Structures are given as C-alpha cells and as structure tokens.
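Engineer: Contents of work.pdb (PDB, C-alpha atoms and all ligand atoms) are below:
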ATOM      1  CA  MET G   1      41.612   0.893  54.286
ATOM      2  CA  GLU G   2      39.940   3.198  56.745
ATOM      3  CA  VAL G   3      39.346   6.915  56.395
ATOM      4  CA  ASN G   4      39.657   9.140  59.424
ATOM      5  CA  GLY G   5      39.508  12.848  60.128
ATOM      6  CA  ASP G   6      43.272  13.451  60.167
ATOM      7  CA  GLU G   7      43.765  13.494  56.409
ATOM      8  CA  GLY G   8      45.694  16.757  56.104
ATOM      9  CA  ASN G   9      46.457  17.725  52.527
ATOM     10  CA  LEU G  10      44.558  14.693  51.192
ATOM     11  CA  ARG G  11      41.291  16.008  52.597
ATOM     12  CA  GLY G  12      40.047  17.129  49.171
ATOM     13  CA  VAL G  13      41.173  13.982  47.334
ATOM     14  CA  GLN G  14      38.249  11.741  46.389
ATOM     15  CA  ARG G  15      40.099   8.655  45.166
ATOM     16  CA  VAL G  16      43.633   7.286  45.475
ATOM     17  CA  VAL G  17      44.732   4.690  42.909
ATOM     18  CA  LEU G  18      48.149   3.008  42.804
ATOM     19  CA  VAL G  19      49.715   2.002  39.470
ATOM     20  CA  LEU G  20      51.916  -1.076  39.869
ATOM     21  CA  SER G  21      54.072  -3.279  37.644
ATOM     22  CA  GLY G  22      56.224  -6.323  38.304
ATOM     23  CA  LYS G  23      59.017  -5.223  35.959
ATOM     24  CA  GLY G  24      60.563  -1.952  34.827
ATOM     25  CA  GLY G  25      60.110  -0.832  31.233
ATOM     26  CA  VAL G  26      56.652  -2.319  30.719
ATOM     27  CA  GLY G  27      55.098   1.138  30.356
ATOM     28  CA  LYS G  28      53.769   1.750  33.877
ATOM     29  CA  SER G  29      54.632   5.479  33.840
ATOM     30  CA  THR G  30      53.289   5.788  30.286
ATOM     31  CA  ILE G  31      49.982   4.221  31.323
ATOM     32  CA  THR G  32      49.852   6.439  34.445
ATOM     33  CA  THR G  33      50.418   9.526  32.278
ATOM     34  CA  GLU G  34      47.841   8.558  29.648
ATOM     35  CA  LEU G  35      45.325   7.542  32.305
ATOM     36  CA  ALA G  36      45.741  10.959  33.940
ATOM     37  CA  LEU G  37      45.315  12.741  30.596
ATOM     38  CA  ALA G  38      42.258  10.648  29.715
ATOM     39  CA  LEU G  39      40.664  11.495  33.088
ATOM     40  CA  GLN G  40      41.540  15.165  32.614
ATOM     41  CA  HIS G  41      39.934  15.131  29.143
ATOM     42  CA  ALA G  42      36.850  13.588  30.748
ATOM     43  CA  GLY G  43      36.588  16.712  32.936
ATOM     44  CA  LYS G  44      38.160  15.327  36.119
ATOM     45  CA  LYS G  45      40.754  17.014  38.309
ATOM     46  CA  VAL G  46      43.700  14.649  38.535
ATOM     47  CA  GLY G  47      46.948  14.442  40.496
ATOM     48  CA  ILE G  48      49.940  12.217  39.926
ATOM     49  CA  LEU G  49      52.293  11.421  42.786
ATOM     50  CA  ASP G  50      55.462  10.009  41.228
ATOM     51  CA  VAL G  51      57.181   7.868  43.857
ATOM     52  CA  ASP G  52      59.432   6.104  41.353
ATOM     53  CA  LEU G  53      62.309   7.818  43.173
ATOM     54  CA  CYS G  54      65.116   6.194  41.190
ATOM     55  CA  GLY G  55      63.506   6.738  37.778
ATOM     56  CA  PRO G  56      61.153   9.729  37.873
ATOM     57  CA  SER G  57      60.003   9.975  34.263
ATOM     58  CA  ILE G  58      56.563  11.591  34.514
ATOM     59  CA  PRO G  59      57.763  15.253  34.537
ATOM     60  CA  ARG G  60      59.307  14.630  31.131
ATOM     61  CA  MET G  61      56.303  12.683  29.848
ATOM     62  CA  LEU G  62      54.061  15.638  30.703
ATOM     63  CA  GLY G  63      56.536  18.168  29.276
ATOM     64  CA  VAL G  64      57.113  19.931  32.627
ATOM     65  CA  SER G  65      60.590  18.700  33.590
ATOM     66  CA  GLN G  66      62.009  22.234  33.645
ATOM     67  CA  GLN G  67      59.549  23.432  36.263
ATOM     68  CA  GLU G  68      60.096  23.724  39.996
ATOM     69  CA  VAL G  69      57.864  23.185  42.995
ATOM     70  CA  HIS G  70      57.281  26.051  45.404
ATOM     71  CA  GLN G  71      56.250  26.202  49.033
ATOM     72  CA  CYS G  72      52.999  27.668  50.309
ATOM     73  CA  ASP G  73      51.525  27.797  53.823
ATOM     74  CA  SER G  74      50.072  24.297  53.533
ATOM     75  CA  GLY G  75      53.125  22.671  51.932
ATOM     76  CA  TRP G  76      54.497  22.088  48.441
ATOM     77  CA  VAL G  77      52.495  23.432  45.512
ATOM     78  CA  PRO G  78      52.469  20.715  42.818
ATOM     79  CA  VAL G  79      53.446  21.501  39.229
ATOM     80  CA  TYR G  80      50.431  21.865  36.915
ATOM     81  CA  ALA G  81      50.694  20.402  33.420
ATOM     82  CA  ASP G  82      47.906  22.596  32.053
ATOM     83  CA  PRO G  83      46.912  26.259  32.434
ATOM     84  CA  GLN G  84      43.480  25.283  33.845
ATOM     85  CA  GLN G  85      45.261  23.491  36.710
ATOM     86  CA  ARG G  86      43.345  20.234  36.229
ATOM     87  CA  LEU G  87      46.417  17.987  36.110
ATOM     88  CA  ALA G  88      48.828  18.308  39.045
ATOM     89  CA  LEU G  89      52.117  16.474  39.491
ATOM     90  CA  MET G  90      54.596  15.974  42.309
ATOM     91  CA  SER G  91      57.843  14.151  41.627
ATOM     92  CA  ILE G  92      61.332  13.938  43.059
ATOM     93  CA  GLY G  93      62.399  15.020  39.561
ATOM     94  CA  PHE G  94      61.437  18.589  40.555
ATOM     95  CA  LEU G  95      63.702  18.520  43.596
ATOM     96  CA  LEU G  96      66.927  17.389  41.908
ATOM     97  CA  ASP G  97      69.460  20.042  40.812
ATOM     98  CA  ASP G  98      70.495  17.883  37.887
ATOM     99  CA  PRO G  99      67.859  15.700  36.165
ATOM    100  CA  ASP G 100      70.575  13.092  35.450
ATOM    101  CA  GLU G 101      71.501  12.877  39.128
ATOM    102  CA  ALA G 102      71.199   9.324  40.494
ATOM    103  CA  VAL G 103      69.116   8.902  43.636
ATOM    104  CA  VAL G 104      71.141   6.386  45.653
ATOM    105  CA  TRP G 105      69.302   6.296  48.952
ATOM    106  CA  ARG G 106      68.713   3.659  51.575
ATOM    107  CA  GLY G 107      65.187   2.655  52.604
ATOM    108  CA  PRO G 108      64.691   5.055  55.577
ATOM    109  CA  LYS G 109      65.508   8.135  53.500
ATOM    110  CA  LYS G 110      63.122   7.032  50.741
ATOM    111  CA  THR G 111      60.433   6.302  53.330
ATOM    112  CA  ALA G 112      60.884   9.779  54.845
ATOM    113  CA  LEU G 113      60.570  11.548  51.488
ATOM    114  CA  ILE G 114      57.486   9.544  50.507
ATOM    115  CA  GLY G 115      55.926  10.393  53.875
ATOM    116  CA  GLN G 116      56.605  14.065  53.138
ATOM    117  CA  PHE G 117      55.130  13.758  49.628
ATOM    118  CA  VAL G 118      51.956  12.222  51.024
ATOM    119  CA  ARG G 119      51.646  14.725  53.902
ATOM    120  CA  ASP G 120      52.970  17.960  52.463
ATOM    121  CA  VAL G 121      51.721  18.384  48.890
ATOM    122  CA  ALA G 122      48.880  20.900  48.711
ATOM    123  CA  TRP G 123      46.721  18.994  46.182
ATOM    124  CA  GLY G 124      43.540  20.947  46.838
ATOM    125  CA  GLU G 125      40.418  19.321  45.381
ATOM    126  CA  LEU G 126      41.127  16.249  43.222
ATOM    127  CA  ASP G 127      38.806  13.629  41.766
ATOM    128  CA  VAL G 128      41.648  11.118  41.505
ATOM    129  CA  LEU G 129      45.225  10.905  42.744
ATOM    130  CA  LEU G 130      47.273   8.357  40.780
ATOM    131  CA  VAL G 131      50.406   7.078  42.526
ATOM    132  CA  ASP G 132      53.111   5.913  40.103
ATOM    133  CA  THR G 133      55.247   3.395  41.999
ATOM    134  CA  PRO G 134      58.620   1.796  41.166
ATOM    135  CA  PRO G 135      58.585  -1.707  39.644
ATOM    136  CA  GLY G 136      58.291  -4.653  42.013
ATOM    137  CA  THR G 137      57.363  -4.475  45.668
ATOM    138  CA  SER G 138      59.901  -2.433  47.560
ATOM    139  CA  ASP G 139      60.385   0.016  50.430
ATOM    140  CA  GLU G 140      58.586   2.667  48.384
ATOM    141  CA  HIS G 141      55.380   0.611  48.149
ATOM    142  CA  LEU G 142      55.287  -0.064  51.873
ATOM    143  CA  ALA G 143      56.094   3.600  52.570
ATOM    144  CA  VAL G 144      53.201   4.747  50.370
ATOM    145  CA  LEU G 145      50.730   2.425  52.093
ATOM    146  CA  GLU G 146      52.038   3.332  55.544
ATOM    147  CA  SER G 147      51.813   7.072  54.799
ATOM    148  CA  LEU G 148      48.326   6.699  53.333
ATOM    149  CA  ARG G 149      46.973   4.644  56.234
ATOM    150  CA  LYS G 150      44.884   7.584  57.449
ATOM    151  CA  HIS G 151      43.328   7.951  54.015
ATOM    152  CA  ARG G 152      41.569   5.490  51.772
ATOM    153  CA  VAL G 153      43.488   3.660  49.023
ATOM    154  CA  ASP G 154      40.788   2.807  46.516
ATOM    155  CA  GLY G 155      42.791   0.210  44.661
ATOM    156  CA  ALA G 156      45.563  -0.617  42.241
ATOM    157  CA  VAL G 157      45.856  -0.872  38.465
ATOM    158  CA  LEU G 158      48.455  -3.453  37.416
ATOM    159  CA  VAL G 159      50.422  -3.010  34.176
ATOM    160  CA  THR G 160      52.046  -5.893  32.327
ATOM    161  CA  THR G 161      53.337  -6.738  28.862
ATOM    162  CA  PRO G 162      51.902  -9.882  27.236
ATOM    163  CA  GLN G 163      54.884 -12.194  27.819
ATOM    164  CA  ALA G 164      55.040 -14.719  30.646
ATOM    165  CA  VAL G 165      58.215 -13.076  32.041
ATOM    166  CA  SER G 166      56.184  -9.983  32.809
ATOM    167  CA  THR G 167      52.884 -11.595  33.782
ATOM    168  CA  GLY G 168      54.818 -13.871  36.173
ATOM    169  CA  ASP G 169      56.096 -10.814  38.019
ATOM    170  CA  VAL G 170      52.634  -9.285  38.135
ATOM    171  CA  ARG G 171      51.472 -12.330  40.089
ATOM    172  CA  ARG G 172      53.789 -11.133  42.873
ATOM    173  CA  GLU G 173      52.105  -7.721  42.750
ATOM    174  CA  ILE G 174      48.766  -9.490  43.103
ATOM    175  CA  THR G 175      50.056 -11.315  46.190
ATOM    176  CA  PHE G 176      51.345  -7.982  47.542
ATOM    177  CA  CYS G 177      47.909  -6.385  47.086
ATOM    178  CA  LYS G 178      46.191  -9.307  48.790
ATOM    179  CA  LYS G 179      48.615  -9.225  51.742
ATOM    180  CA  THR G 180      48.286  -5.473  52.214
ATOM    181  CA  GLY G 181      44.523  -5.315  51.639
ATOM    182  CA  VAL G 182      44.707  -3.195  48.475
ATOM    183  CA  LYS G 183      41.830  -3.890  46.077
ATOM    184  CA  ILE G 184      42.946  -4.838  42.544
ATOM    185  CA  LEU G 185      40.965  -2.633  40.149
ATOM    186  CA  GLY G 186      42.266  -4.507  37.114
ATOM    187  CA  ILE G 187      45.080  -5.413  34.748
ATOM    188  CA  VAL G 188      46.219  -3.465  31.656
ATOM    189  CA  GLU G 189      48.239  -5.253  28.978
ATOM    190  CA  ASN G 190      50.658  -2.787  27.387
ATOM    191  CA  MET G 191      52.810  -3.250  24.254
ATOM    192  CA  SER G 192      50.209  -5.652  22.997
ATOM    193  CA  GLY G 193      51.107  -5.804  19.304
ATOM    194  CA  PHE G 194      52.723  -3.167  17.091
ATOM    195  CA  VAL G 195      50.830  -0.481  15.179
ATOM    196  CA  CYS G 196      52.470   0.099  11.775
ATOM    197  CA  PRO G 197      52.931   3.854  11.254
ATOM    198  CA  HIS G 198      52.291   3.409   7.488
ATOM    199  CA  CYS G 199      49.191   1.247   7.297
ATOM    200  CA  SER G 200      48.055   1.376  10.968
ATOM    201  CA  GLU G 201      47.738  -2.420  11.039
ATOM    202  CA  CYS G 202      48.487  -3.988  14.414
ATOM    203  CA  SER G 203      50.781  -7.091  14.384
ATOM    204  CA  SER G 204      51.830  -9.202  17.361
ATOM    205  CA  VAL G 205      55.482  -8.676  18.324
ATOM    206  CA  PHE G 206      55.526 -10.643  21.540
ATOM    207  CA  SER G 207      53.040 -13.292  22.514
ATOM    208  CA  ARG G 208      49.467 -12.015  22.883
ATOM    209  CA  GLY G 209      46.825 -12.169  25.544
ATOM    210  CA  GLY G 210      49.041 -12.792  28.607
ATOM    211  CA  GLY G 211      47.397  -9.969  30.542
ATOM    212  CA  GLU G 212      43.890 -11.201  29.830
ATOM    213  CA  GLU G 213      44.838 -14.772  30.702
ATOM    214  CA  LEU G 214      46.405 -13.616  33.973
ATOM    215  CA  ALA G 215      43.269 -11.637  34.804
ATOM    216  CA  LYS G 216      41.150 -14.755  34.260
ATOM    217  CA  LEU G 217      43.481 -16.960  36.317
ATOM    218  CA  THR G 218      43.576 -14.557  39.243
ATOM    219  CA  GLY G 219      39.928 -13.498  39.136
ATOM    220  CA  SER G 220      40.904  -9.878  38.288
ATOM    221  CA  VAL G 221      39.216  -7.522  35.850
ATOM    222  CA  PHE G 222      40.952  -7.161  32.468
ATOM    223  CA  LEU G 223      40.867  -3.444  31.724
ATOM    224  CA  GLY G 224      42.160  -3.658  28.145
ATOM    225  CA  SER G 225      45.249  -3.703  25.970
ATOM    226  CA  VAL G 226      47.362  -0.884  24.542
ATOM    227  CA  PRO G 227      49.478  -1.551  21.427
ATOM    228  CA  LEU G 228      53.109  -0.524  20.897
ATOM    229  CA  ASP G 229      52.622   2.672  18.953
ATOM    230  CA  PRO G 230      55.557   4.766  17.663
ATOM    231  CA  LEU G 231      53.345   7.875  17.822
ATOM    232  CA  LEU G 232      52.623   7.238  21.497
ATOM    233  CA  SER G 233      56.325   6.703  22.141
ATOM    234  CA  ALA G 234      57.224   9.954  20.330
ATOM    235  CA  SER G 235      54.526  11.883  22.227
ATOM    236  CA  ILE G 236      55.822  10.550  25.531
ATOM    237  CA  GLU G 237      59.411  11.501  24.573
ATOM    238  CA  GLU G 238      58.374  15.028  23.666
ATOM    239  CA  GLY G 239      56.022  15.571  26.581
ATOM    240  CA  GLN G 240      53.114  15.992  24.178
ATOM    241  CA  ASP G 241      49.483  15.144  24.959
ATOM    242  CA  PHE G 242      48.959  12.053  22.759
ATOM    243  CA  LEU G 243      45.188  11.964  23.197
ATOM    244  CA  LYS G 244      44.904  15.551  21.981
ATOM    245  CA  ALA G 245      47.425  15.173  19.143
ATOM    246  CA  PHE G 246      46.112  11.877  17.691
ATOM    247  CA  PRO G 247      42.407  11.609  18.516
ATOM    248  CA  ASP G 248      41.799   9.383  15.462
ATOM    249  CA  SER G 249      44.380   6.700  16.264
ATOM    250  CA  ALA G 250      43.277   3.201  17.281
ATOM    251  CA  THR G 251      45.611   3.459  20.278
ATOM    252  CA  TYR G 252      43.562   6.444  21.432
ATOM    253  CA  SER G 253      40.442   4.339  21.788
ATOM    254  CA  SER G 254      42.364   1.670  23.706
ATOM    255  CA  LEU G 255      43.595   4.324  26.154
ATOM    256  CA  ARG G 256      40.230   5.935  26.870
TER     257      ARG G 256
HETATM  258  P1  LIG D   1      58.059   1.839  33.155
HETATM  259  O1  LIG D   1      57.397   2.967  33.883
HETATM  260  O2  LIG D   1      57.295   0.553  33.287
HETATM  261  O3  LIG D   1      59.512   1.668  33.486
HETATM  262  P2  LIG D   1      57.835   3.549  30.820
HETATM  263  O4  LIG D   1      56.433   3.999  30.906
HETATM  264  O5  LIG D   1      58.919   4.472  31.261
HETATM  265  O6  LIG D   1      58.002   2.158  31.579
HETATM  266  O7  LIG D   1      58.052   3.087  29.315
HETATM  267  C1  LIG D   1      59.308   2.639  28.842
HETATM  268  C2  LIG D   1      59.472   3.103  27.400
HETATM  269  O8  LIG D   1      58.536   2.441  26.569
HETATM  270  C3  LIG D   1      59.245   4.600  27.222
HETATM  271  O9  LIG D   1      60.214   5.075  26.328
HETATM  272  C4  LIG D   1      57.862   4.696  26.610
HETATM  273  O10 LIG D   1      57.774   5.777  25.710
HETATM  274  C5  LIG D   1      57.771   3.400  25.827
HETATM  275  N1  LIG D   1      56.382   2.882  25.771
HETATM  276  C6  LIG D   1      55.628   2.450  26.785
HETATM  277  N2  LIG D   1      54.431   2.010  26.363
HETATM  278  C7  LIG D   1      54.423   2.211  25.018
HETATM  279  C8  LIG D   1      53.458   1.961  23.967
HETATM  280  N3  LIG D   1      52.278   1.410  24.215
HETATM  281  N4  LIG D   1      53.812   2.302  22.702
HETATM  282  C9  LIG D   1      55.027   2.836  22.432
HETATM  283  N5  LIG D   1      55.976   3.070  23.356
HETATM  284  C10 LIG D   1      55.686   2.765  24.629
END
Could you render the structure from this file as structure tokens?
Ligand code: ADP

Structural biologist:
Amino acid sequence: MEVNGDEGNLRGVQRVVLVLSGKGGVGKSTITTELALALQHAGKKVGILDVDLCGPSIPRMLGVSQQEVHQCDSGWVPVYADPQQRLALMSIGFLLDDPDEAVVWRGPKKTALIGQFVRDVAWGELDVLLVDTPPGTSDEHLAVLESLRKHRVDGAVLVTTPQAVSTGDVRREITFCKKTGVKILGIVENMSGFVCPHCSECSSVFSRGGGEELAKLTGSVFLGSVPLDPLLSASIEEGQDFLKAFPDSATYSSLR
C-alpha cells in the first residue's frame, strides 16, 4: 500500500502490522499484547490500536483498564502502559462509561470510530503500531484498511490454534489478505500443547502442528508456536507483564 504526505498522526509511525484470526478465543489479543511487550523489551517504541470494538480486552491485559484517554491539540493522547511511555494503547474500552457495556453498533458507526482512531490518536514516534482486529473479516477490517490507505500497512500476523476448525478459518483470512493486498508476515500457532505448572512438561491437548502445516500449504512463514500456559493466562488476567515476571519459562522463549 502506498505512502503519501498526508499521514497526519501516523507520520511518526514506522511500521503498521495487523493481527488477525479466523475465530474468537484463539488468543489473538494475548499474542498482540505479548508481541508488544516483547518489542518494548527489545527497546522499541510500540503502539497498540485495539479495534476489537465488541470485545476490547487489551486494556485489561496491560493492566490499564481504569485509565482514561485525554485530548490534546493533535487529538487523543493514548494510554501508556509504562512510565517510560514506550508502550501506548488506544481502545474503545477507554471510552465506555461501564466496562461491561455492550457495543451494539451497525457498520457505519464502527467505520466512523475506526476512522477517528486512525486519524486522531497522537501516537508520536513509534517503531511499530500493532492493530488488534476482531475475529473474522468484518466491517472493522475494511474500515482499518480504508482509513490506513494513506499510510503503509506493512503486513499481517495470523493467529490460529492447532485444530483444523481454527486453521480452516485462517485460510479465509489469507484470502482476505490476498484480495486486499496485505502482505502476510506469518502464522503463529497458539495453545499448542499444555505446560504443566508442576513439572513444566508440555503435552498436546489438541492436535499439533496445524499452524505449521497451514503455513506450508499456503506458502506463508511459520513464526512459531506458543503453548497453553496457566502462568501466561494468569498474567493476562491480572494485567501483569508475563515476560518480566517469568523470564525463565519455556513459554517466554516461544514468545520472544
Ligand atoms: P482472542 O483475542 O482470540 O479472542 P484472547 O487473547 O482474548 O483471544 O484469549 C482468550 C483467553 O485465552 C484469555 O483468557 C487468555 O488469557 C487465554 N489464552 C490465550 N492464549 C493463551 C496461552 N497461550 N496460554 C494460556 N492462556 C491463553
């Protein structure tokens, strides 16, 4: 996708990466969060734009759900998850009076808000902006691409679980990327085996290797697999930085 001079608040953003999944519940927001934290630990400045309007879970995953966004001259100031302001987040979760409120909106209203998110968030300088999208291919995905048409979308990371029911849906995401000209950066297989909290051994719960097989079949890069880890789940629930809390875990090395 082309870059032109009229980039507004995205002027200082070096890379834009979409995170996509065919199904809900496969860990797309978890992978987005951990990817952002891993990049931040590697010294990058990272933003997350959470456009999963009906299920905004990233504020909680980063432990900032109680915070609010404020306005400045150039738009909305994102919420920072760290005092050094290296991890910025914008989510509809910050705009709702009640976090349990259901967002029941038709397409045009969602499209308008996403357009505003893309135009009006004052990201400043970022190495990477990760866009966490809803599952499937919906109005939100088209709205993101439409709003970003004046900027470059560098590609998409696809998240799947190992089973065929999930990898089958990811094939549709692959078709979506091909039709819309979004480069597929690779596939991550999440919930790939279970890490026992007592002995740390990893056993297969579902089938194994579906993500890797799909990558081979579709000529995509396989980026790696992340096991089901109760410590990761607990960290995500509590809004704790898993990579900082458990640097010795095997899951840590799969997330880096
Ligand atoms: P999605 O964004 O695809 O709907 P989420 O990222 O919200 O999925 O994950 C759904 C649930 O699964 C969350 O409670 C999350 O903590 C948990 N989860 C995701 N990936 C893992 C993992 N690798 N290990 C343990 N729990 C996980």

Engineer: Evaluate the PyMOL selection byres (((chain G and resi 52-59) around 7) and not hetatm) and record the selected residues as a PDB file with C-alpha atoms, in the frame of the given file, following the chain and residue labels used in the document.

Structural biologist:
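Result file expr.pdb:
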ATOM      1  CA  SER G  29      54.632   5.479  33.840  1.00  0.00           C
ATOM      2  CA  THR G  33      50.418   9.526  32.278  1.00  0.00           C
ATOM      3  CA  ASP G  50      55.462  10.009  41.228  1.00  0.00           C
ATOM      4  CA  VAL G  51      57.181   7.868  43.857  1.00  0.00           C
ATOM      5  CA  ARG G  60      59.307  14.630  31.131  1.00  0.00           C
ATOM      6  CA  MET G  61      56.303  12.683  29.848  1.00  0.00           C
ATOM      7  CA  LEU G  62      54.061  15.638  30.703  1.00  0.00           C
ATOM      8  CA  GLY G  63      56.536  18.168  29.276  1.00  0.00           C
ATOM      9  CA  VAL G  64      57.113  19.931  32.627  1.00  0.00           C
ATOM     10  CA  SER G  65      60.590  18.700  33.590  1.00  0.00           C
ATOM     11  CA  SER G  91      57.843  14.151  41.627  1.00  0.00           C
ATOM     12  CA  ILE G  92      61.332  13.938  43.059  1.00  0.00           C
ATOM     13  CA  GLY G  93      62.399  15.020  39.561  1.00  0.00           C
ATOM     14  CA  ALA G 102      71.199   9.324  40.494  1.00  0.00           C
ATOM     15  CA  VAL G 103      69.116   8.902  43.636  1.00  0.00           C
ATOM     16  CA  ASP G 132      53.111   5.913  40.103  1.00  0.00           C
ATOM     17  CA  THR G 133      55.247   3.395  41.999  1.00  0.00           C
ATOM     18  CA  PRO G 134      58.620   1.796  41.166  1.00  0.00           C
TER      19      PRO G 134
END

Engineer: Let me have all residues with an atom within 9 Å of ligand LIG 1 (chain D), counting all atoms listed in the file, laid out as a PyMOL selection string.

Structural biologist: chain G and resi 20-33+52+55-58+61+132-135+159-160+190-195+225-237+251

Engineer: Can you tell me which residues surround G:Cys72 at a distance of at most 10 Å, considering all atoms listed in the file, apart from same-chain residues fewer than 6 positions away, and format the answer as a ChimeraX atom specification?

Structural biologist: /G:120-122

Engineer: Got a sec to check which residues sit within 12 Å of (47.5, -12.5, 45.1), counting all atoms listed in the file, and write them as a compact mmCIF listing (two decimals) with C-alpha atoms, in the coordinates of the input?

Structural biologist:
# COMPACT_ATOMS: atom_id res chain seq x y z
CA LEU G 158 48.46 -3.45 37.42
CA GLY G 168 54.82 -13.87 36.17
CA ASP G 169 56.10 -10.81 38.02
CA VAL G 170 52.63 -9.28 38.14
CA ARG G 171 51.47 -12.33 40.09
CA ARG G 172 53.79 -11.13 42.87
CA GLU G 173 52.10 -7.72 42.75
CA ILE G 174 48.77 -9.49 43.10
CA THR G 175 50.06 -11.32 46.19
CA PHE G 176 51.34 -7.98 47.54
CA CYS G 177 47.91 -6.38 47.09
CA LYS G 178 46.19 -9.31 48.79
CA LYS G 179 48.62 -9.22 51.74
CA THR G 180 48.29 -5.47 52.21
CA GLY G 181 44.52 -5.32 51.64
CA VAL G 182 44.71 -3.20 48.48
CA LYS G 183 41.83 -3.89 46.08
CA ILE G 184 42.95 -4.84 42.54
CA LEU G 214 46.40 -13.62 33.97
CA ALA G 215 43.27 -11.64 34.80
CA LEU G 217 43.48 -16.96 36.32
CA THR G 218 43.58 -14.56 39.24
CA GLY G 219 39.93 -13.50 39.14
CA SER G 220 40.90 -9.88 38.29

Engineer: Kindly assemble as JSON lines a list of the stretch 85-158 of chain G residues that lie within 6 Å of stretch 6-18 of chain G, each paired with its nearest atom pair and their distance in Å to one decimal, using all atoms listed in the file, sorted first by chain and then by ascending residue number.

Structural biologist:
{"residue": "G:Ala122", "atom": "CA", "partner": "G:Asn9", "partner_atom": "CA", "distance": 5.5}
{"residue": "G:Gly124", "atom": "CA", "partner": "G:Gly12", "partner_atom": "CA", "distance": 5.7}
{"residue": "G:Glu125", "atom": "CA", "partner": "G:Gly12", "partner_atom": "CA", "distance": 4.4}
{"residue": "G:Leu126", "atom": "CA", "partner": "G:Val13", "partner_atom": "CA", "distance": 4.7}
{"residue": "G:Asp127", "atom": "CA", "partner": "G:Gln14", "partner_atom": "CA", "distance": 5.0}
{"residue": "G:Val128", "atom": "CA", "partner": "G:Arg15", "partner_atom": "CA", "distance": 4.7}
{"residue": "G:Leu129", "atom": "CA", "partner": "G:Val16", "partner_atom": "CA", "distance": 4.8}
{"residue": "G:Leu130", "atom": "CA", "partner": "G:Val17", "partner_atom": "CA", "distance": 4.9}
{"residue": "G:Val131", "atom": "CA", "partner": "G:Leu18", "partner_atom": "CA", "distance": 4.7}
{"residue": "G:Val153", "atom": "CA", "partner": "G:Val16", "partner_atom": "CA", "distance": 5.1}
{"residue": "G:Asp154", "atom": "CA", "partner": "G:Val16", "partner_atom": "CA", "distance": 5.4}
{"residue": "G:Gly155", "atom": "CA", "partner": "G:Val17", "partner_atom": "CA", "distance": 5.2}
{"residue": "G:Ala156", "atom": "CA", "partner": "G:Leu18", "partner_atom": "CA", "distance": 4.5}

Engineer: In Å to one decimal, how far is atom CA of G:Val118 from atom CA of G:Asp139?

Structural biologist: 14.8 Å

Engineer: Here's a test: counting all atoms listed in the file, identify every protein, DNA and RNA residue with an atom at most 12 Å from (66.0, 21.7, 42.9) in the file's coordinate frame, and state them as a list of chain:residue names.

Structural biologist: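 The residues that fall inside the cut-off are G:Ser65, G:Gln66, G:Gln67, G:Glu68, G:Val69, G:His70, G:Ser91, G:Ile92, G:Gly93, G:Phe94, G:Leu95, G:Leu96, G:Asp97, G:Asp98, G:Pro99, G:Glu101.
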
Engineer: For the atom pair atom CA of G:Leu35 and atom CA of G:Gly47, what is the interatomic distance in Å to one decimal place?

Structural biologist: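 Between these atoms lies a distance of 10.8 Å.
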
Engineer: For G:Ile114, which residue among G:Ala88, G:Leu142, G:Leu37, G:Val165 is the nearest when counting all atoms listed in the file?

Structural biologist: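 Distance minimum relative to G:Ile114 lands on G:Leu142.
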
Engineer: Kindly indicate which residue among G:Phe242, G:Trp123, G:Trp76, G:Trp105 lies nearest to G:Lys45, using all atoms listed in the file for the distances.

Structural biologist: G:Trp123

Engineer: Extract, using all atoms listed in the file, all DNA, RNA and protein residues at most 9 Å from G:Leu148, discarding same-chain residues fewer than 2 positions from it, and format them as a list in words.

Structural biologist: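 My list of contacting residues is Met1, Glu7, Gly115, Val118, Arg119, Ala143, Val144, Leu145, Glu146, Lys150, His151, Arg152 and Val153 of chain G.
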